[in-house]
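Visitor: What follows is final_23.pdb, made up of PDB, C-alpha atoms and all ligand atoms:
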ATOM      1  CA  MET A 209      96.879 107.570  86.571
ATOM      2  CA  VAL A 210      93.353 107.734  87.918
ATOM      3  CA  ASP A 211      90.922 109.816  85.930
ATOM      4  CA  VAL A 212      89.173 112.052  88.449
ATOM      5  CA  VAL A 213      86.584 114.615  87.444
ATOM      6  CA  PRO A 214      87.181 117.724  89.588
ATOM      7  CA  ILE A 215      84.255 118.550  91.840
ATOM      8  CA  ASN A 216      83.542 121.905  90.172
ATOM      9  CA  VAL A 217      83.445 120.249  86.748
ATOM     10  CA  ARG A 218      81.151 117.539  88.066
ATOM     11  CA  ARG A 219      78.838 120.159  89.540
ATOM     12  CA  ARG A 220      78.774 121.989  86.220
ATOM     13  CA  MET A 221      78.086 118.734  84.365
ATOM     14  CA  MET A 222      75.221 117.918  86.681
ATOM     15  CA  SER A 223      73.676 121.364  86.423
ATOM     16  CA  GLY A 224      73.980 121.200  82.656
ATOM     17  CA  ILE A 225      75.721 124.550  82.318
ATOM     18  CA  ARG A 226      78.033 124.901  79.350
ATOM     19  CA  SER A 227      81.265 126.480  80.393
ATOM     20  CA  THR A 228      83.349 129.156  78.809
ATOM     21  CA  ASN A 229      86.937 130.041  79.654
ATOM     22  CA  THR A 230      87.849 126.415  80.171
ATOM     23  CA  ILE A 231      91.451 125.417  80.741
ATOM     24  CA  PRO A 232      91.948 124.159  77.143
ATOM     25  CA  GLU A 233      90.523 127.419  75.876
ATOM     26  CA  ARG A 234      92.890 129.450  78.031
ATOM     27  CA  ILE A 235      95.867 127.421  76.802
ATOM     28  CA  VAL A 236      94.981 128.131  73.167
ATOM     29  CA  ARG A 237      94.325 131.786  73.874
ATOM     30  CA  SER A 238      97.536 132.467  75.777
ATOM     31  CA  GLY A 239      99.605 130.635  73.156
ATOM     32  CA  LEU A 240      98.071 132.661  70.353
ATOM     33  CA  HIS A 241      98.587 135.837  72.335
ATOM     34  CA  ARG A 242     102.252 135.015  72.938
ATOM     35  CA  ARG A 243     102.648 134.506  69.212
ATOM     36  CA  GLY A 244     101.285 137.956  68.515
ATOM     37  CA  TYR A 245      97.785 137.093  67.311
ATOM     38  CA  ARG A 246      94.947 139.434  68.104
ATOM     39  CA  PHE A 247      91.531 137.931  68.669
ATOM     40  CA  ARG A 248      88.049 138.375  70.024
ATOM     41  CA  LEU A 249      86.340 135.974  72.416
ATOM     42  CA  HIS A 250      82.850 134.432  72.406
ATOM     43  CA  VAL A 251      81.620 136.669  69.642
ATOM     44  CA  VAL A 252      77.888 136.880  70.172
ATOM     45  CA  ASP A 253      76.901 138.002  66.677
ATOM     46  CA  MET A 254      78.478 134.953  65.024
ATOM     47  CA  PRO A 255      76.868 131.488  64.711
ATOM     48  CA  GLY A 256      77.480 129.471  67.874
ATOM     49  CA  ARG A 257      79.472 132.247  69.564
ATOM     50  CA  PRO A 258      82.903 130.954  68.519
ATOM     51  CA  ASP A 259      85.387 130.777  71.399
ATOM     52  CA  ILE A 260      88.222 132.586  69.612
ATOM     53  CA  VAL A 261      87.953 134.728  66.491
ATOM     54  CA  LEU A 262      90.902 136.139  64.551
ATOM     55  CA  PRO A 263      89.229 138.792  62.409
ATOM     56  CA  LYS A 264      92.372 139.659  60.459
ATOM     57  CA  HIS A 265      92.696 136.058  59.292
ATOM     58  CA  ALA A 266      88.957 135.382  58.948
ATOM     59  CA  VAL A 267      89.490 132.415  61.261
ATOM     60  CA  ALA A 268      87.213 131.101  63.995
ATOM     61  CA  ILE A 269      88.740 128.642  66.470
ATOM     62  CA  LEU A 270      86.358 126.402  68.366
ATOM     63  CA  VAL A 271      87.793 124.745  71.464
ATOM     64  CA  HIS A 272      85.508 121.794  72.028
ATOM     65  CA  GLY A 273      85.205 119.879  75.280
ATOM     66  CA  CYS A 274      85.119 116.197  74.341
ATOM     67  CA  PHE A 275      82.259 115.445  76.713
ATOM     68  CA  TRP A 276      79.928 118.295  75.753
ATOM     69  CA  HIS A 277      80.529 117.952  72.049
ATOM     70  CA  GLY A 278      80.372 114.160  71.930
ATOM     71  CA  HIS A 279      83.861 113.513  70.607
ATOM     72  CA  ARG A 280      84.577 109.909  69.679
ATOM     73  CA  CYS A 281      87.736 109.673  71.784
ATOM     74  CA  PRO A 282      88.859 108.167  75.087
ATOM     75  CA  LEU A 283      87.970 111.348  77.021
ATOM     76  CA  PHE A 284      84.307 110.877  76.235
ATOM     77  CA  ARG A 285      82.362 108.749  78.649
ATOM     78  CA  LEU A 286      78.609 108.891  79.095
ATOM     79  CA  PRO A 287      77.712 109.250  82.798
ATOM     80  CA  ALA A 288      76.347 106.073  84.375
ATOM     81  CA  THR A 289      73.122 107.736  85.476
ATOM     82  CA  ARG A 290      70.495 109.675  83.509
ATOM     83  CA  VAL A 291      71.927 108.144  80.371
ATOM     84  CA  ARG A 292      69.036 109.165  78.141
ATOM     85  CA  PHE A 293      69.175 112.757  79.391
ATOM     86  CA  TRP A 294      72.896 113.055  78.654
ATOM     87  CA  ARG A 295      72.625 111.315  75.309
ATOM     88  CA  ASN A 296      69.858 113.700  74.197
ATOM     89  CA  LYS A 297      71.755 116.691  75.446
ATOM     90  CA  ILE A 298      74.970 115.760  73.682
ATOM     91  CA  GLU A 299      73.158 114.844  70.461
ATOM     92  CA  THR A 300      71.550 118.279  70.516
ATOM     93  CA  ASN A 301      74.948 119.888  71.014
ATOM     94  CA  CYS A 302      76.364 117.906  68.079
ATOM     95  CA  ARG A 303      73.510 118.972  65.804
ATOM     96  CA  ASN A 304      74.055 122.606  66.803
ATOM     97  CA  ASP A 305      77.791 122.245  66.177
ATOM     98  CA  ILE A 306      77.198 120.972  62.639
ATOM     99  CA  ARG A 307      74.752 123.784  61.898
ATOM    100  CA  ASN A 308      76.984 126.501  63.372
ATOM    101  CA  HIS A 309      80.008 125.170  61.522
ATOM    102  CA  ARG A 310      78.106 125.309  58.231
ATOM    103  CA  ARG A 311      76.881 128.841  58.919
ATOM    104  CA  LEU A 312      80.339 130.105  59.768
ATOM    105  CA  LEU A 313      81.669 128.715  56.480
ATOM    106  CA  GLN A 314      78.757 130.259  54.607
ATOM    107  CA  ARG A 315      79.643 133.631  56.086
ATOM    108  CA  GLY A 316      83.188 133.336  54.849
ATOM    109  CA  TRP A 317      84.947 132.244  58.023
ATOM    110  CA  ARG A 318      87.510 129.484  58.107
ATOM    111  CA  VAL A 319      86.873 127.173  61.039
ATOM    112  CA  LEU A 320      89.439 125.300  63.090
ATOM    113  CA  THR A 321      88.168 122.910  65.746
ATOM    114  CA  VAL A 322      90.596 122.133  68.572
ATOM    115  CA  TRP A 323      89.429 119.218  70.691
ATOM    116  CA  GLU A 324      90.101 119.082  74.408
ATOM    117  CA  CYS A 325      91.913 115.745  73.982
ATOM    118  CA  ALA A 326      94.653 117.558  72.046
ATOM    119  CA  LEU A 327      95.471 119.410  75.280
ATOM    120  CA  LYS A 328      94.504 117.033  78.036
ATOM    121  CA  GLY A 329      94.848 113.370  78.901
ATOM    122  CA  SER A 330      97.217 110.670  77.723
ATOM    123  CA  GLY A 331      96.662 111.456  74.042
ATOM    124  CA  ARG A 332      97.600 115.114  74.241
ATOM    125  CA  ILE A 333     100.167 116.750  72.007
ATOM    126  CA  SER A 334     102.775 119.242  73.197
ATOM    127  CA  PRO A 335     101.897 122.955  73.151
ATOM    128  CA  ASP A 336     104.666 123.551  70.588
ATOM    129  CA  ASP A 337     103.133 120.888  68.351
ATOM    130  CA  LEU A 338      99.697 122.334  68.857
ATOM    131  CA  PHE A 339     100.662 125.837  67.799
ATOM    132  CA  ALA A 340     102.753 124.535  64.928
ATOM    133  CA  ARG A 341      99.632 122.720  63.720
ATOM    134  CA  ILE A 342      97.435 125.758  64.173
ATOM    135  CA  GLU A 343      99.832 127.937  62.192
ATOM    136  CA  ARG A 344     100.329 125.281  59.528
ATOM    137  CA  TRP A 345      96.569 125.050  59.048
ATOM    138  CA  MET A 346      96.250 128.831  58.945
ATOM    139  CA  SER A 347      98.856 128.999  56.181
ATOM    140  CA  THR A 348      96.771 126.686  53.979
ATOM    141  CA  SER A 349      93.564 127.596  52.181
ATOM    142  CA  HIS A 350      91.532 124.835  53.867
ATOM    143  CA  ARG A 351      88.091 126.019  54.875
ATOM    144  CA  SER A 352      87.974 123.853  57.978
ATOM    145  CA  GLY A 353      90.368 121.824  60.048
ATOM    146  CA  THR A 354      90.565 119.680  63.162
ATOM    147  CA  ILE A 355      93.213 119.204  65.800
ATOM    148  CA  ARG A 356      92.681 116.361  68.205
ATOM    149  CA  GLY A 357      94.634 114.123  70.564
ATOM    150  CA  TYR A 358      95.154 110.383  70.243
ATOM    151  CA  ILE A 359      96.605 110.783  66.788
ATOM    152  CA  ARG A 360      97.633 107.602  65.109
ATOM    153  CA  THR A 361     101.258 107.936  64.102
ATOM    154  CA  ARG A 362     101.263 105.389  61.314
TER     155      ARG A 362
HETATM  156 ZN    ZN B 401      88.422 114.192  72.198
END
Let's see the structure in the file written out as structure tokens.

Guide:
Amino acid sequence: MVDVVPINVRRRMMSGIRSTNTIPERIVRSGLHRRGYRFRLHVVDMPGRPDIVLPKHAVAILVHGCFWHGHRCPLFRLPATRVRFWRNKIETNCRNDIRNHRRLLQRGWRVLTVWECALKGSGRISPDDLFARIERWMSTSHRSGTIRGYIRTR
């Protein structure tokens, strides 16, 4: 399968605008909704404006695009042009992510990061698996957790 970046995504990448309401985000949201969870979106008064917040569970779910957040996975590829610009931009995003993550924990939130590659591409996991993992993590007392694609099975 050829990996084609849709034109609207490319335009957004080139203009440097961070997107909200991405497809991975919508998948997580609708699955949670179907399972009866109530949540708030892009909460402005929380560090980093978490994508999905479940106040009743004190859980923030961050749905990270692998490109914007510099994930070390096969979905991440630095553009061939303006390499320094993109590298700086993504390094800044990563620093902000680390800081926001720490601040959320300090304020008593549990933080689950769901990477785009868990939902998209050849390494993705099934939606049933994804929500089983989310609920399994929520049932633990872990302060933070990560769900990603390309999971090694052994
Ligand atoms: Zn990834």

Visitor: Work out where the centre of an axis-aligned box around every listed atom of segment 290-303 of chain A lies and how long its edges are once 6 Å is added on each side; give both in Å to one decimal as lines of an AutoDock Vina configuration file.

Guide:
center_x = 72.7
center_y = 114.0
center_z = 74.7
size_x = 19.3
size_y = 23.7
size_z = 29.7

Visitor: May I ask which of the residues A:Ala268, A:Leu262, A:Arg356, A:Arg237 is the closest one to Asn308 of chain A, counting all atoms listed in the file?

Guide: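 Of A:Ala268, A:Leu262, A:Arg356, A:Arg237, the one nearest Asn308 of chain A, counting all atoms listed in the file, is A:Ala268.
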
Visitor: Hey, can you pull every residue with an atom no more than 12 Å from (96.9, 134.2, 63.3), using only C-alpha atoms, and send it as number ranges by chain?

Guide: A: 236-237, 239-248, 260-269, 318, 320, 339-348

Visitor: Put those residues in a file: C-alpha atoms, as a PDB file, in the frame of the given file.

Guide:
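Saved the output as part.pdb:
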ATOM      1  CA  VAL A 236      94.981 128.131  73.167  1.00  0.00           C
ATOM      2  CA  ARG A 237      94.325 131.786  73.874  1.00  0.00           C
ATOM      3  CA  GLY A 239      99.605 130.635  73.156  1.00  0.00           C
ATOM      4  CA  LEU A 240      98.071 132.661  70.353  1.00  0.00           C
ATOM      5  CA  HIS A 241      98.587 135.837  72.335  1.00  0.00           C
ATOM      6  CA  ARG A 242     102.252 135.015  72.938  1.00  0.00           C
ATOM      7  CA  ARG A 243     102.648 134.506  69.212  1.00  0.00           C
ATOM      8  CA  GLY A 244     101.285 137.956  68.515  1.00  0.00           C
ATOM      9  CA  TYR A 245      97.785 137.093  67.311  1.00  0.00           C
ATOM     10  CA  ARG A 246      94.947 139.434  68.104  1.00  0.00           C
ATOM     11  CA  PHE A 247      91.531 137.931  68.669  1.00  0.00           C
ATOM     12  CA  ARG A 248      88.049 138.375  70.024  1.00  0.00           C
ATOM     13  CA  ILE A 260      88.222 132.586  69.612  1.00  0.00           C
ATOM     14  CA  VAL A 261      87.953 134.728  66.491  1.00  0.00           C
ATOM     15  CA  LEU A 262      90.902 136.139  64.551  1.00  0.00           C
ATOM     16  CA  PRO A 263      89.229 138.792  62.409  1.00  0.00           C
ATOM     17  CA  LYS A 264      92.372 139.659  60.459  1.00  0.00           C
ATOM     18  CA  HIS A 265      92.696 136.058  59.292  1.00  0.00           C
ATOM     19  CA  ALA A 266      88.957 135.382  58.948  1.00  0.00           C
ATOM     20  CA  VAL A 267      89.490 132.415  61.261  1.00  0.00           C
ATOM     21  CA  ALA A 268      87.213 131.101  63.995  1.00  0.00           C
ATOM     22  CA  ILE A 269      88.740 128.642  66.470  1.00  0.00           C
ATOM     23  CA  ARG A 318      87.510 129.484  58.107  1.00  0.00           C
ATOM     24  CA  LEU A 320      89.439 125.300  63.090  1.00  0.00           C
ATOM     25  CA  PHE A 339     100.662 125.837  67.799  1.00  0.00           C
ATOM     26  CA  ALA A 340     102.753 124.535  64.928  1.00  0.00           C
ATOM     27  CA  ARG A 341      99.632 122.720  63.720  1.00  0.00           C
ATOM     28  CA  ILE A 342      97.435 125.758  64.173  1.00  0.00           C
ATOM     29  CA  GLU A 343      99.832 127.937  62.192  1.00  0.00           C
ATOM     30  CA  ARG A 344     100.329 125.281  59.528  1.00  0.00           C
ATOM     31  CA  TRP A 345      96.569 125.050  59.048  1.00  0.00           C
ATOM     32  CA  MET A 346      96.250 128.831  58.945  1.00  0.00           C
ATOM     33  CA  SER A 347      98.856 128.999  56.181  1.00  0.00           C
ATOM     34  CA  THR A 348      96.771 126.686  53.979  1.00  0.00           C
TER      35      THR A 348
END

Visitor: Can you tell me which residues come within 7 Å of ligand ZN 401 (chain B) when counting only C-alpha atoms and all ligand atoms, ideally as a PyMOL selection string?

Guide: chain A and resi 274+279-284+323-325+356-357

Visitor: For a cut-off of 10 Å around (76.3, 124.2, 69.1), file coordinates, pick out all residues using all atoms listed in the file and list them as a PyMOL selection string.

Guide: chain A and resi 255-258+272+276-277+298-309

Visitor: For atom CA of Arg290 of chain A and atom CA of Phe275 of chain A, determine how far apart the two atoms are, in Å to one decimal place.

Guide: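 Rounded to one decimal, the two atoms are 14.8 Å apart.
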
Visitor: Do you know which residues the PyMOL selection byres (((chain A and resi 331) around 6) and not hetatm) returns on this file, as a PyMOL selection string?

Guide: chain A and resi 329-330+332+357-358
